[in-house]
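Below is one structure; the comments refer to it alone.
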Amino acid sequence: MILDNRLPFKYLFNTVKYELIIVFIVGIITHSGAMELTVLLPNMPLTIPAFLGTSISVLLSFKMNQSYDRWWEGRKTWGAITNDSRSLVIQLQTFLGSGQSHIINRIAYLQIAWCFSLGNSLRGTPNSIDGLSRLVNESDLNKILKHRNHALAITQLITTDIKELRLNNAIDIHTNIHLQETITRLTDSMGSAERISNTVFPSTYRLILHFLIYIFVISLSISLKGTNNIFVLPLLLLISAGFFSIEKIAYHLQDPFKNRPSDVPVTDIATTIEINIRQLLREEITQDHKRPHNFFVM
Amino acid sequence: MILDNRLPFKYLFNTVKYELIIVFIVGIITHSGAMELTVLLPNMPLTIPAFLGTSISVLLSFKMNQSYDRWWEGRKTWGAITNDSRSLVIQLQTFLGSGQSHIINRIAYLQIAWCFSLGNSLRGTPNSIDGLSRLVNESDLNKILKHRNHALAITQLITTDIKELRLNNAIDIHTNIHLQETITRLTDSMGSAERISNTVFPSTYRLILHFLIYIFVISLSISLKGTNNIFVLPLLLLISAGFFSIEKIAYHLQDPFKNRPSDVPVTDIATTIEINIRQLLREEITQDHKRPHNFFVM
Amino acid sequence: MILDNRLPFKYLFNTVKYELIIVFIVGIITHSGAMELTVLLPNMPLTIPAFLGTSISVLLSFKMNQSYDRWWEGRKTWGAITNDSRSLVIQLQTFLGSGQSHIINRIAYLQIAWCFSLGNSLRGTPNSIDGLSRLVNESDLNKILKHRNHALAITQLITTDIKELRLNNAIDIHTNIHLQETITRLTDSMGSAERISNTVFPSTYRLILHFLIYIFVISLSISLKGTNNIFVLPLLLLISAGFFSIEKIAYHLQDPFKNRPSDVPVTDIATTIEINIRQLLREEITQDHKRPHNFFVM
Amino acid sequence: MILDNRLPFKYLFNTVKYELIIVFIVGIITHSGAMELTVLLPNMPLTIPAFLGTSISVLLSFKMNQSYDRWWEGRKTWGAITNDSRSLVIQLQTFLGSGQSHIINRIAYLQIAWCFSLGNSLRGTPNSIDGLSRLVNESDLNKILKHRNHALAITQLITTDIKELRLNNAIDIHTNIHLQETITRLTDSMGSAERISNTVFPSTYRLILHFLIYIFVISLSISLKGTNNIFVLPLLLLISAGFFSIEKIAYHLQDPFKNRPSDVPVTDIATTIEINIRQLLREEITQDHKRPHNFFVM
Amino acid sequence: MILDNRLPFKYLFNTVKYELIIVFIVGIITHSGAMELTVLLPNMPLTIPAFLGTSISVLLSFKMNQSYDRWWEGRKTWGAITNDSRSLVIQLQTFLGSGQSHIINRIAYLQIAWCFSLGNSLRGTPNSIDGLSRLVNESDLNKILKHRNHALAITQLITTDIKELRLNNAIDIHTNIHLQETITRLTDSMGSAERISNTVFPSTYRLILHFLIYIFVISLSISLKGTNNIFVLPLLLLISAGFFSIEKIAYHLQDPFKNRPSDVPVTDIATTIEINIRQLLREEITQDHKRPHNFFVM
């Protein structure tokens, strides 16, 4: 989650430090070389790095745009997961008689587990249902572990429970289909999050952007060959720091489910879902469900 | 709500005054320093601040774009809330017999309370159902207060009422599902508004933009070192005022449910919903439901 | 409606004439002042107005984008109204027996009235159901006039009719829900049109754009202080005319339901809906239903 | 349809030839005039046409964007028509008994006729059902001709057939509603295609773009007054050819259902739908259904 | 699939090598010619190639935007196919009794075959069901081969099976419609993938872009006529390599289902679907279903 108050100057610097070191070295070499060869080298008009700089900002702006859209799509997907998880429990409470609170609880806990499991697998945790034994019983855990896609296995458990309800005539066919539609929407959200997580942005575009930024640095340092290094190097570093930082922000936004500060806070959202569902089930919220940060991440 | 007629010159100036003071100070220091060191300092060609200025406008344009989209999405969400609140009452009137006007009124009032409660919680009011005792009875208020998410608690009350109707055979299963679908859409809108309100725009991007604007100011004031301060400072202030103002507009649009003049008028919309629903219930609209501004905010 | 053939040179000139007069005066004052003070004033490099001009075009391009999107959304909303109005009549004809053509006609006429009433209220007509007595009977008109939102009142009349059909067992619950869904879509379109009509685009953005255009004009006229007024003034006027015109086009597109030439032709679309529905009812189209312009506005 | 292999150099040249002739004449007059008046005329700095050129490319880029989106929306609409036409036949085959292949065929042929009729009316063919007697019988053709909107009349015929099926109890109410939903989607697609075809892009924007390109040409030719015509004119023509061509491409994309090479191939798509539907009906595809170009336009 | 780790420098170079050779030749000829004619030729101010370069980057940015959107739409379509394929099997398992696992398996295998067949036909494989005999029996294969559109034929087989289930009263009409809706979504996704694959991006736009890049190269080489070829040619090649590469990336993204490294990995996704469905059927995943690359392509 991006917090507005801690301005991550140091964080930002860290993300682009390797690029800045390269700019520093390239700048020194090119600029010194240019000053040595000042008689041989032609004048590189400043117009060339200037138009390159403008072009880079246009191309960066496109990349930022796409990355932001992908991040926002990831955020929306988890918003939909929150909504549909809450709706699933409300629907069960609406359509099931009061004698069936046991099965409502069971499905509600499975749904909470589904959220944590999906979040973990998006963050690359090897065993995505680790630590969920407070929500899922032993026998179900074993069934889930046989699957590669744990969240999909939990979905299958939920649908099996609903099928049971139908066979016992606890719900009619219309309610069955209505619940199934909510589950289908959750499956769609799962697929959407997996798609965002697993589709890499065309890496060649990134390569060309870096390439153009270095051409910009080189041509700018040649253009300024008449000027002292003390003034040229900071200028090179500052401007290219701006460009590389924006590229880096875009790069991180593209992959919004990892553990970085700018990411979609999947674990926090799963915890919010847990609190909301437990309150719908009229449970007390104990301290250990409280999330460290602000309440309304959702 | 943004009113077109009061051109908020003073308001705008206030939003960027700290940035302009910094620009003023930075401008004086850099420019005076540059004039002092005029022999030592190289010529900073104007091409460099010029291309920086163009780049900044490109990057600002992206930010404005995303912020506007977020604001418009917030506006759409409240449009959907208006539509679905009205539809819920029309549906109840369509599917319930004339003997059930009591329960229609009850659910309609709860739905109005839901709108105010959601609006208040988005604006950060500590107790989001404060002042809603004209709409919700004592016992319900107590149930709602046990929840952290008051609007979600009201939704649960409404679905409990609808379940009651189903158990009494006042509605059949198809009507039940049809009403439930409207409630699911309202839950989705609630989630969508919460998501917009609680997801911070990547703050690092903002940092880089400010950083680039200051580099622009510094390099422009060095470029113009041959010119008198009386002409340079106003130019620096005017151009950077333009940039900072646009950045500020974008920044405010990102968070569209607060109390600022450019915000989505959630309380006004909730009042419009109240008037519409009361007219659908064939109640008289008394003076105190009238909104101060124009009628059709919707 | 925008007609392609009448190139509205005069129209365009009228929309920006006040801005051009201001530019003219500002241009003369600044430029003459600059020539008087030519010794005192520093050289304003042309690079500054040039980069300002580029920045303005970037920011204008964003504004044009958002305004166009809003206009197109308004157009889509009325497209959806056309589709759903036609669908409502086709559905009534499909699900009602041949003995019920009276009620089909009644609802069809109410739906036509709904379209005209919504169109009128979007255009700011004080009494939006004025002149609709050919479609709605006296008693219904009186009921509608009690509401503030006339279109919503017509919707309530239609749903009451459908409820009547259900109570008489002319339709079953499934058909009832199916018709209700079409009506909900129409209510959504109404809300969407009201939202576009009543949400003002952030006026501060417009202010900043005008502000930047005037800074551009002033700095350009100072830059060209060595040149004769006869050449400078036309240049200032032509370029700023281009900028102001685009800003004006964008400004008009934002509010797409008024009576301007570039607007969504709500009355024409309502007339098309009337003709289509009357043909679905197998009525003869008399001359006075014919629209003056081309047939297929839709 | 846009074919990738025939690079339409000649076609492109033809689309902008009038603009280029004007540029040629304007260029000669301005440039010669500028050389004559070389003593009187001030220096027009190249910075002015340069920033104008950049601005034009930004504004063109916006126009290209909107035009492309409209073209792609038109393409999607016809994609939806293909899908829903195929789905309608599959649904009829699923829900009707084997004894009813006659009525399936009848509706399937009407649906094919609907596609051709809509395509023809979008392309401005006066009688949109001309040549469709192989698909629709005499008596139906006469009914259709009484309507102004032929496709809407065919939709009414199809719904009448489905109503017949319902009255004969060949389908139940649920199947009836399910089929009706597919027909509603087809009506929506028809409305969407009509909307794109009949809504003109704001023509004033186009006017301003042309106006700015001519200002660019004039200021560029004045700027280069020291240079020989032999070099200046080709430059003016080449650059303005680029601008005008892009404007022309955008202009043609806005209106995507006409007979131009860049259009959505509505007749080809209708033929694909015919082949697909006939194969679903297990008919032999004879040579005259084969489309001249590649098979998979869809 | 685009893998992040193999930076395809060589791949990129290969994609633009012909353009670079042309740039090299054009550069040498123009530049040498310019140096020969140095007395006759006027000075081409650098401002002209600079603004052309900026314009090209703006227009490239638009193209990149559209191409990326198309690629992402293709990706989403296959995401929807994954979701709906999984949902279809889960729905069958929910609504069919335990005695019908044979028919569940049969439909599940047909659905897997549908995915491979669609993927193959998008990649241009002549016989799209080649190698699918492990999933489809002989008699079905023969039926499929009679169709031109194999995937559509498989859809027809699935709906025939579901119709059979309905006729045997294994499912009721509501389940039938619910399953049919999932199949309709799959048909829509098929249509969407075919549309993206078969609609060529306006080729004239590409032509103009190449044309403008060559004008840029020529005017830049004339502008630098005073400079030695050893410095001018690398500059021309590097900058135009950047432009052409971005154009090429955009060009490849437009057509996202071919065999290029940046494509949507349709076969990999089909294999993931196969594994997921087989696990839902509780089958063992043998080695030959394992995909070579990372597991979660989805």
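Chain labels A, B, ... are given in the sequence in which chains occur in the structure tokens; within each chain residues are numbered consecutively from 1, and ligands are likewise numbered from 1 in the order shown.
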Notebook entry, point to check: Which neighbours of Trp71 in chain C fall inside 8 Å, counting only C-alpha atoms, when residues of the same chain fewer than 3 positions from it are skipped, and could you give them as a ChimeraX atom specification?
Noted result: /C:67-68,74-75,253-256,264
Item checked: chain D contacts to chain C at 7 Å (only C-alpha atoms) as a ChimeraX atom specification -> /D:42,47-48,51,54-55,58-59,62,147,159-160,163,184,187-188,191-192,194-195,198,200,202-205,208,212
Notebook entry, point to check: CA of Leu122 in chain C and CA of Val136 in chain C, how far apart in Å?
Noted result: 19.9 Å
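Closest approach to Gln156 in chain E among E:Thr15, E:Asn168, E:Gln111, E:Thr30: E:Gln111, based on only C-alpha atoms.
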Margin query: Between CA of Leu135 in chain C and CA of Tyr109 in chain C, what is the distance in Å, rounded to a tenth?
Written below: 5.3 Å
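With CA of Val266 in chain B on one side and CA of Asn149 in chain B on the other, the separation reads 17.5 Å.
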Find the residues around range 125-133 of chain D up to 9 Å (only C-alpha atoms counted), leave out those fewer than 3 positions away in its own chain, and share them as a PDB file with N, CA, C and O atoms, in the first residue's frame.
```
ATOM      1  N   ALA D 113     -30.754 -12.367 -43.114  1.00  0.00           N
ATOM      2  CA  ALA D 113     -31.273 -11.205 -43.851  1.00  0.00           C
ATOM      3  C   ALA D 113     -31.117  -9.933 -43.031  1.00  0.00           C
ATOM      4  O   ALA D 113     -30.781  -8.864 -43.566  1.00  0.00           O
ATOM      5  N   TRP D 114     -31.338 -10.050 -41.709  1.00  0.00           N
ATOM      6  CA  TRP D 114     -31.174  -8.908 -40.814  1.00  0.00           C
ATOM      7  C   TRP D 114     -29.764  -8.331 -40.928  1.00  0.00           C
ATOM      8  O   TRP D 114     -29.566  -7.120 -41.011  1.00  0.00           O
ATOM      9  N   PHE D 116     -27.568  -8.623 -43.447  1.00  0.00           N
ATOM     10  CA  PHE D 116     -27.345  -7.946 -44.727  1.00  0.00           C
ATOM     11  C   PHE D 116     -28.088  -6.618 -44.779  1.00  0.00           C
ATOM     12  O   PHE D 116     -27.568  -5.615 -45.261  1.00  0.00           O
ATOM     13  N   SER D 117     -29.326  -6.616 -44.269  1.00  0.00           N
ATOM     14  CA  SER D 117     -30.125  -5.392 -44.328  1.00  0.00           C
ATOM     15  C   SER D 117     -29.481  -4.280 -43.501  1.00  0.00           C
ATOM     16  O   SER D 117     -29.387  -3.129 -43.954  1.00  0.00           O
ATOM     17  N   LEU D 118     -29.008  -4.614 -42.291  1.00  0.00           N
ATOM     18  CA  LEU D 118     -28.348  -3.605 -41.460  1.00  0.00           C
ATOM     19  C   LEU D 118     -27.092  -3.082 -42.151  1.00  0.00           C
ATOM     20  O   LEU D 118     -26.846  -1.877 -42.219  1.00  0.00           O
ATOM     21  N   GLY D 119     -26.294  -4.031 -42.707  1.00  0.00           N
ATOM     22  CA  GLY D 119     -25.080  -3.631 -43.416  1.00  0.00           C
ATOM     23  C   GLY D 119     -25.392  -2.687 -44.564  1.00  0.00           C
ATOM     24  O   GLY D 119     -24.752  -1.641 -44.728  1.00  0.00           O
ATOM     25  N   ASN D 120     -26.415  -3.040 -45.371  1.00  0.00           N
ATOM     26  CA  ASN D 120     -26.765  -2.188 -46.507  1.00  0.00           C
ATOM     27  C   ASN D 120     -27.216  -0.810 -46.057  1.00  0.00           C
ATOM     28  O   ASN D 120     -26.823   0.202 -46.650  1.00  0.00           O
ATOM     29  N   SER D 121     -28.046  -0.759 -44.998  1.00  0.00           N
ATOM     30  CA  SER D 121     -28.546   0.558 -44.608  1.00  0.00           C
ATOM     31  C   SER D 121     -27.423   1.409 -44.031  1.00  0.00           C
ATOM     32  O   SER D 121     -27.403   2.624 -44.195  1.00  0.00           O
ATOM     33  N   LEU D 122     -26.431   0.781 -43.370  1.00  0.00           N
ATOM     34  CA  LEU D 122     -25.281   1.545 -42.875  1.00  0.00           C
ATOM     35  C   LEU D 122     -24.458   2.107 -44.028  1.00  0.00           C
ATOM     36  O   LEU D 122     -23.856   3.166 -43.917  1.00  0.00           O
ATOM     37  N   VAL D 136     -35.774 -14.380 -47.636  1.00  0.00           N
ATOM     38  CA  VAL D 136     -37.046 -13.964 -47.053  1.00  0.00           C
ATOM     39  C   VAL D 136     -38.142 -14.180 -48.081  1.00  0.00           C
ATOM     40  O   VAL D 136     -37.944 -13.879 -49.270  1.00  0.00           O
ATOM     41  N   ASN D 137     -39.304 -14.716 -47.667  1.00  0.00           N
ATOM     42  CA  ASN D 137     -40.363 -14.943 -48.652  1.00  0.00           C
ATOM     43  C   ASN D 137     -41.106 -13.645 -48.993  1.00  0.00           C
ATOM     44  O   ASN D 137     -40.973 -12.625 -48.316  1.00  0.00           O
ATOM     45  N   GLU D 138     -41.880 -13.737 -50.062  1.00  0.00           N
ATOM     46  CA  GLU D 138     -42.573 -12.567 -50.636  1.00  0.00           C
ATOM     47  C   GLU D 138     -43.383 -11.802 -49.593  1.00  0.00           C
ATOM     48  O   GLU D 138     -43.263 -10.575 -49.449  1.00  0.00           O
ATOM     49  N   LEU D 141     -41.314  -9.931 -47.143  1.00  0.00           N
ATOM     50  CA  LEU D 141     -40.668  -8.779 -47.764  1.00  0.00           C
ATOM     51  C   LEU D 141     -41.623  -7.597 -47.816  1.00  0.00           C
ATOM     52  O   LEU D 141     -41.226  -6.449 -47.552  1.00  0.00           O
ATOM     53  N   ILE D 144     -41.873  -5.994 -44.439  1.00  0.00           N
ATOM     54  CA  ILE D 144     -40.648  -5.256 -44.104  1.00  0.00           C
ATOM     55  C   ILE D 144     -40.615  -3.907 -44.815  1.00  0.00           C
ATOM     56  O   ILE D 144     -40.242  -2.880 -44.232  1.00  0.00           O
ATOM     57  N   LEU D 145     -41.057  -3.910 -46.093  1.00  0.00           N
ATOM     58  CA  LEU D 145     -40.961  -2.682 -46.882  1.00  0.00           C
ATOM     59  C   LEU D 145     -41.846  -1.568 -46.340  1.00  0.00           C
ATOM     60  O   LEU D 145     -41.627  -0.398 -46.655  1.00  0.00           O
ATOM     61  N   HIS D 150     -35.763  -1.206 -41.889  1.00  0.00           N
ATOM     62  CA  HIS D 150     -36.017  -2.579 -42.306  1.00  0.00           C
ATOM     63  C   HIS D 150     -35.529  -3.608 -41.292  1.00  0.00           C
ATOM     64  O   HIS D 150     -36.187  -4.613 -41.038  1.00  0.00           O
ATOM     65  N   ALA D 151     -34.331  -3.370 -40.728  1.00  0.00           N
ATOM     66  CA  ALA D 151     -33.785  -4.350 -39.790  1.00  0.00           C
ATOM     67  C   ALA D 151     -34.702  -4.489 -38.572  1.00  0.00           C
ATOM     68  O   ALA D 151     -34.952  -5.602 -38.085  1.00  0.00           O
TER      69      ALA D 151
END
```
Next item on the list: Give the alpha helix (DSSP H) residues of range 85-254 of chain E, as DSSP finds them on the backbone, and put them as a ChimeraX atom specification.
Entry: /E:85-95,101-122,138-145,150-167,173-198,203-223,229-253
Margin query: Measuring between only C-alpha atoms, which one of B:Thr77, B:Ser223, B:Ser139, B:Thr155 shows the shortest distance to Ile112 in chain B?
Written below: B:Thr155
